[in-house]
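J.: This one is query.cif, mmCIF, C-alpha atoms, pLDDT in the B column; chains and numbers go by the auth columns.
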data_final
loop_
_atom_site.group_PDB
_atom_site.id
_atom_site.type_symbol
_atom_site.label_atom_id
_atom_site.label_comp_id
_atom_site.label_asym_id
_atom_site.label_seq_id
_atom_site.Cartn_x
_atom_site.Cartn_y
_atom_site.Cartn_z
_atom_site.B_iso_or_equiv
_atom_site.auth_seq_id
_atom_site.auth_asym_id
ATOM 1 C CA MET A 1 8.127 18.120 8.167 55.00 1397 W
ATOM 2 C CA LEU A 2 5.781 20.832 7.017 55.00 1398 W
ATOM 3 C CA GLN A 3 6.108 24.213 8.657 63.00 1399 W
ATOM 4 C CA VAL A 4 3.440 26.899 9.102 64.00 1400 W
ATOM 5 C CA ASN A 5 4.576 28.960 6.099 71.00 1401 W
ATOM 6 C CA ASP A 6 5.242 26.014 3.764 68.00 1402 W
ATOM 7 C CA LYS A 7 3.177 25.814 0.601 68.00 1403 W
ATOM 8 C CA ILE A 8 1.607 22.635 -0.676 66.00 1404 W
ATOM 9 C CA VAL A 9 0.983 22.367 -4.404 67.00 1405 W
ATOM 10 C CA LEU A 10 -2.054 20.250 -5.202 69.00 1406 W
ATOM 11 C CA ASP A 11 -2.226 20.733 -8.962 72.00 1407 W
ATOM 12 C CA GLY A 12 -3.521 17.588 -10.616 76.00 1408 W
ATOM 13 C CA THR A 13 -4.795 16.060 -7.381 77.00 1409 W
ATOM 14 C CA PRO A 14 -8.296 14.673 -7.971 81.00 1410 W
ATOM 15 C CA ASP A 15 -10.971 16.015 -5.613 83.00 1411 W
ATOM 16 C CA ASN A 16 -11.717 12.621 -4.064 84.00 1412 W
ATOM 17 C CA VAL A 17 -8.009 12.079 -3.285 85.00 1413 W
ATOM 18 C CA LEU A 18 -7.766 15.566 -1.795 88.00 1414 W
ATOM 19 C CA LEU A 19 -10.778 14.918 0.447 89.00 1415 W
ATOM 20 C CA TYR A 20 -9.188 11.748 1.851 89.00 1416 W
ATOM 21 C CA ILE A 21 -5.861 13.530 2.367 90.00 1417 W
ATOM 22 C CA LEU A 22 -7.630 16.297 4.297 90.00 1418 W
ATOM 23 C CA GLU A 23 -9.572 13.729 6.310 91.00 1419 W
ATOM 24 C CA TYR A 24 -6.299 12.083 7.281 91.00 1420 W
ATOM 25 C CA ILE A 25 -4.624 15.398 8.139 90.00 1421 W
ATOM 26 C CA TYR A 26 -7.527 16.426 10.393 91.00 1422 W
ATOM 27 C CA THR A 27 -8.399 13.079 11.980 93.00 1423 W
ATOM 28 C CA GLY A 28 -5.369 10.820 11.572 91.00 1424 W
ATOM 29 C CA ASN A 29 -7.681 8.243 10.033 90.00 1425 W
ATOM 30 C CA ILE A 30 -9.479 7.505 6.777 88.00 1426 W
ATOM 31 C CA GLU A 31 -12.960 5.998 6.573 84.00 1427 W
ATOM 32 C CA PHE A 32 -13.435 4.451 3.145 78.00 1428 W
ATOM 33 C CA GLU A 33 -16.866 4.366 1.532 76.00 1429 W
ATOM 34 C CA ASN A 34 -18.776 1.206 2.419 73.00 1430 W
ATOM 35 C CA GLY A 35 -15.821 0.304 4.657 71.00 1431 W
ATOM 36 C CA GLU A 36 -14.107 -1.309 1.671 75.00 1432 W
ATOM 37 C CA LEU A 37 -10.524 -0.574 0.744 76.00 1433 W
ATOM 38 C CA ASP A 38 -9.775 0.017 -2.927 83.00 1434 W
ATOM 39 C CA LEU A 39 -6.144 -1.096 -3.230 84.00 1435 W
ATOM 40 C CA ASN A 40 -5.347 1.091 -6.224 85.00 1436 W
ATOM 41 C CA PHE A 41 -6.773 4.089 -4.391 88.00 1437 W
ATOM 42 C CA ALA A 42 -4.769 3.253 -1.241 90.00 1438 W
ATOM 43 C CA PHE A 43 -1.578 3.085 -3.324 91.00 1439 W
ATOM 44 C CA GLU A 44 -2.505 6.439 -4.910 90.00 1440 W
ATOM 45 C CA LEU A 45 -2.922 7.980 -1.448 92.00 1441 W
ATOM 46 C CA ALA A 46 0.415 6.512 -0.329 92.00 1442 W
ATOM 47 C CA LYS A 47 2.083 8.014 -3.400 91.00 1443 W
ATOM 48 C CA ARG A 48 0.512 11.408 -2.666 90.00 1444 W
ATOM 49 C CA GLY A 49 1.769 11.123 0.914 90.00 1445 W
ATOM 50 C CA ILE A 50 5.294 10.939 -0.481 89.00 1446 W
ATOM 51 C CA GLU A 51 4.739 13.783 -2.939 87.00 1447 W
ATOM 52 C CA LEU A 52 3.236 16.045 -0.252 87.00 1448 W
ATOM 53 C CA ASN A 53 5.843 15.093 2.364 87.00 1449 W
ATOM 54 C CA ILE A 54 3.280 13.472 4.651 90.00 1450 W
ATOM 55 C CA PRO A 55 5.104 10.243 5.567 92.00 1451 W
ATOM 56 C CA LYS A 56 2.476 9.282 8.142 94.00 1452 W
ATOM 57 C CA LEU A 57 -0.161 9.208 5.378 94.00 1453 W
ATOM 58 C CA LYS A 58 2.081 6.950 3.287 94.00 1454 W
ATOM 59 C CA ASN A 59 2.656 4.614 6.247 95.00 1455 W
ATOM 60 C CA PHE A 60 -1.043 4.625 7.140 94.00 1456 W
ATOM 61 C CA CYS A 61 -2.024 3.589 3.608 94.00 1457 W
ATOM 62 C CA GLU A 62 0.707 0.954 3.396 95.00 1458 W
ATOM 63 C CA ASN A 63 -0.437 -0.500 6.719 95.00 1459 W
ATOM 64 C CA LEU A 64 -4.012 -0.685 5.401 92.00 1460 W
ATOM 65 C CA ILE A 65 -2.806 -2.490 2.295 94.00 1461 W
ATOM 66 C CA ILE A 66 -0.627 -4.887 4.287 95.00 1462 W
ATOM 67 C CA SER A 67 -3.498 -5.664 6.662 92.00 1463 W
ATOM 68 C CA ASN A 68 -5.483 -6.930 3.655 89.00 1464 W
ATOM 69 C CA LEU A 69 -2.946 -9.620 2.751 92.00 1465 W
ATOM 70 C CA ASP A 70 -4.407 -13.098 2.601 90.00 1466 W
ATOM 71 C CA PRO A 71 -3.802 -16.183 0.439 87.00 1467 W
ATOM 72 C CA GLU A 72 -6.215 -14.910 -2.202 83.00 1468 W
ATOM 73 C CA THR A 73 -4.925 -11.325 -2.394 85.00 1469 W
ATOM 74 C CA VAL A 74 -1.155 -11.609 -1.938 87.00 1470 W
ATOM 75 C CA ALA A 75 -0.382 -11.986 -5.651 84.00 1471 W
ATOM 76 C CA ALA A 76 -2.624 -9.094 -6.706 85.00 1472 W
ATOM 77 C CA ILE A 77 -1.311 -6.820 -3.954 90.00 1473 W
ATOM 78 C CA PHE A 78 2.271 -7.697 -4.881 89.00 1474 W
ATOM 79 C CA SER A 79 1.536 -6.923 -8.525 86.00 1475 W
ATOM 80 C CA VAL A 80 0.071 -3.495 -7.708 89.00 1476 W
ATOM 81 C CA ALA A 81 2.919 -2.767 -5.257 90.00 1477 W
ATOM 82 C CA SER A 82 5.444 -3.690 -7.951 88.00 1478 W
ATOM 83 C CA PHE A 83 3.700 -1.432 -10.470 88.00 1479 W
ATOM 84 C CA ASN A 84 3.822 1.417 -7.925 88.00 1480 W
ATOM 85 C CA ASN A 85 7.443 0.687 -6.922 89.00 1481 W
ATOM 86 C CA ASN A 86 6.355 0.289 -3.311 92.00 1482 W
ATOM 87 C CA GLU A 87 9.244 -1.689 -1.829 90.00 1483 W
ATOM 88 C CA ARG A 88 7.792 -1.950 1.671 94.00 1484 W
ATOM 89 C CA VAL A 89 4.552 -3.581 0.524 94.00 1485 W
ATOM 90 C CA MET A 90 6.452 -5.806 -1.918 92.00 1486 W
ATOM 91 C CA GLN A 91 8.626 -7.087 0.936 91.00 1487 W
ATOM 92 C CA TYR A 92 5.594 -7.773 3.135 93.00 1488 W
ATOM 93 C CA CYS A 93 3.983 -9.682 0.269 91.00 1489 W
ATOM 94 C CA ALA A 94 7.115 -11.770 -0.197 88.00 1490 W
ATOM 95 C CA LYS A 95 7.303 -12.526 3.523 90.00 1491 W
ATOM 96 C CA TYR A 96 3.609 -13.407 3.580 92.00 1492 W
ATOM 97 C CA PHE A 97 4.064 -15.661 0.553 87.00 1493 W
ATOM 98 C CA PHE A 98 6.903 -17.556 2.273 85.00 1494 W
ATOM 99 C CA ALA A 99 5.019 -17.861 5.555 90.00 1495 W
ATOM 100 C CA HIS A 100 1.724 -18.985 3.978 88.00 1496 W
ATOM 101 C CA TYR A 101 2.904 -20.818 0.882 82.00 1497 W
ATOM 102 C CA ALA A 102 0.689 -23.900 1.439 80.00 1498 W
ATOM 103 C CA GLU A 103 -2.415 -21.755 1.959 84.00 1499 W
ATOM 104 C CA VAL A 104 -1.683 -19.695 -1.150 80.00 1500 W
ATOM 105 C CA VAL A 105 -1.327 -22.865 -3.218 73.00 1501 W
ATOM 106 C CA ASN A 106 -4.486 -24.390 -1.720 72.00 1502 W
ATOM 107 C CA LYS A 107 -6.510 -21.284 -2.572 68.00 1503 W
ATOM 108 C CA ASN A 108 -5.588 -21.741 -6.231 54.00 1504 W
ATOM 109 C CA SER A 109 -4.214 -18.227 -6.206 52.00 1505 W
ATOM 110 C CA LEU A 110 -0.610 -19.150 -6.869 55.00 1506 W
ATOM 111 C CA PRO A 111 0.884 -16.307 -8.857 56.00 1507 W
ATOM 112 C CA GLY A 112 2.635 -16.888 -12.130 60.00 1508 W
ATOM 113 C CA LEU A 113 6.293 -17.797 -12.252 51.00 1509 W
ATOM 114 C CA ALA A 114 7.352 -14.228 -13.058 59.00 1510 W
ATOM 115 C CA ASP A 115 5.579 -12.944 -9.930 66.00 1511 W
ATOM 116 C CA ILE A 116 7.140 -15.685 -7.805 65.00 1512 W
ATOM 117 C CA VAL A 117 10.614 -14.702 -9.015 62.00 1513 W
ATOM 118 C CA LYS A 118 9.862 -11.050 -8.211 68.00 1514 W
ATOM 119 C CA MET A 119 8.606 -11.994 -4.740 68.00 1515 W
ATOM 120 C CA LEU A 120 11.685 -14.086 -4.061 65.00 1516 W
ATOM 121 C CA SER A 121 13.998 -11.281 -5.125 67.00 1517 W
ATOM 122 C CA ALA A 122 12.071 -8.617 -3.194 67.00 1518 W
ATOM 123 C CA VAL A 123 12.984 -9.939 0.230 65.00 1519 W
ATOM 124 C CA ASN A 124 16.233 -10.554 2.002 64.00 1520 W
ATOM 125 C CA PRO A 125 16.268 -14.271 2.978 56.00 1521 W
ATOM 126 C CA ALA A 126 17.734 -13.328 6.372 61.00 1522 W
ATOM 127 C CA GLU A 127 14.558 -11.333 7.100 60.00 1523 W
ATOM 128 C CA VAL A 128 12.185 -14.222 6.409 52.00 1524 W
ATOM 129 C CA GLY A 129 11.150 -15.948 9.538 49.00 1525 W
#
Would you mind writing the structure in this file as structure tokens?

T.:
Amino acid sequence: MLQVNDKIVLDGTPDNVLLYILEYIYTGNIEFENGELDLNFAFELAKRGIELNIPKLKNFCENLIISNLDPETVAAIFSVASFNNNERVMQYCAKYFFAHYAEVVNKNSLPGLADIVKMLSAVNPAEVG
């Protein structure tokens, strides 16, 4: 947890990312432009939450990402989560995939075999339910 005298180093943080981080710090919420969530940007904010020791920002962004899971987006979200090594989102994607398999197949958004194997290995079978 940050203390009053702690320093935060923001070198290399793009201005737009910094503005959203400050918005979250001051309001506990983030309003995205046009109300649309850019998944890559949300993952970037989650990563910055870890780097800046703001776990609530990380959780907030992950929850936004998870809330956007649907049969058409689960494969893409899993792919971006895998690229960003975000285990929590990967597990939610895998659970969603198991729970909505028929819908995912019917939407013609079935991920490739490699992604299916990753999804299957990302979740503990005992947690699927």

J.: Go ahead and compute the interatomic distance for atom CA of Pro1467 of chain W and atom CA of Asn1502 of chain W, in Å to one decimal.

T.: 8.5 Å

J.: List as a VMD selection string the residues having at least one atom at most 12 Å from position (7.5, 1.9, -1.6) as given in the file, counting all atoms listed in the file.

T.: chain W and resid 1439 to 1440 1442 to 1446 1451 1454 to 1455 1457 to 1459 1461 1474 1476 to 1488 1518

J.: List the neighbours of Val1470 of chain W out to 10 Å using only C-alpha atoms; skip same-chain residues closer than 3 positions along the sequence, and give me the result as a VMD selection string.

T.: chain W and resid 1462 1464 to 1467 1473 to 1475 1486 1488 to 1490 1492 to 1493 1496 1500 1505 to 1507

J.: With 3 Å of padding per side, what axis-aligned box (centre and edge lengths, Å, one decimal) covers all the listed atoms of segment 1481-1485 of chain W? Give it as lines of an AutoDock Vina configuration file.

T.:
center_x = 6.9
center_y = -1.4
center_z = -2.6
size_x = 10.7
size_y = 10.3
size_z = 14.6

J.: For the provided coordinates, the residues matched by the PyMOL selection byres ((chain W and resi 1417-1421) around 12) should be stated as a VMD selection string.

T.: chain W and resid 1398 1406 1409 to 1416 1422 to 1428 1437 to 1438 1440 to 1457

J.: So how far away is atom CA of Glu1499 of chain W from atom CA of Glu1432 of chain W, in Å?

T.: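 Separation of atom CA of Glu1432 of chain W and atom CA of Glu1499 of chain W: 23.6 Å.
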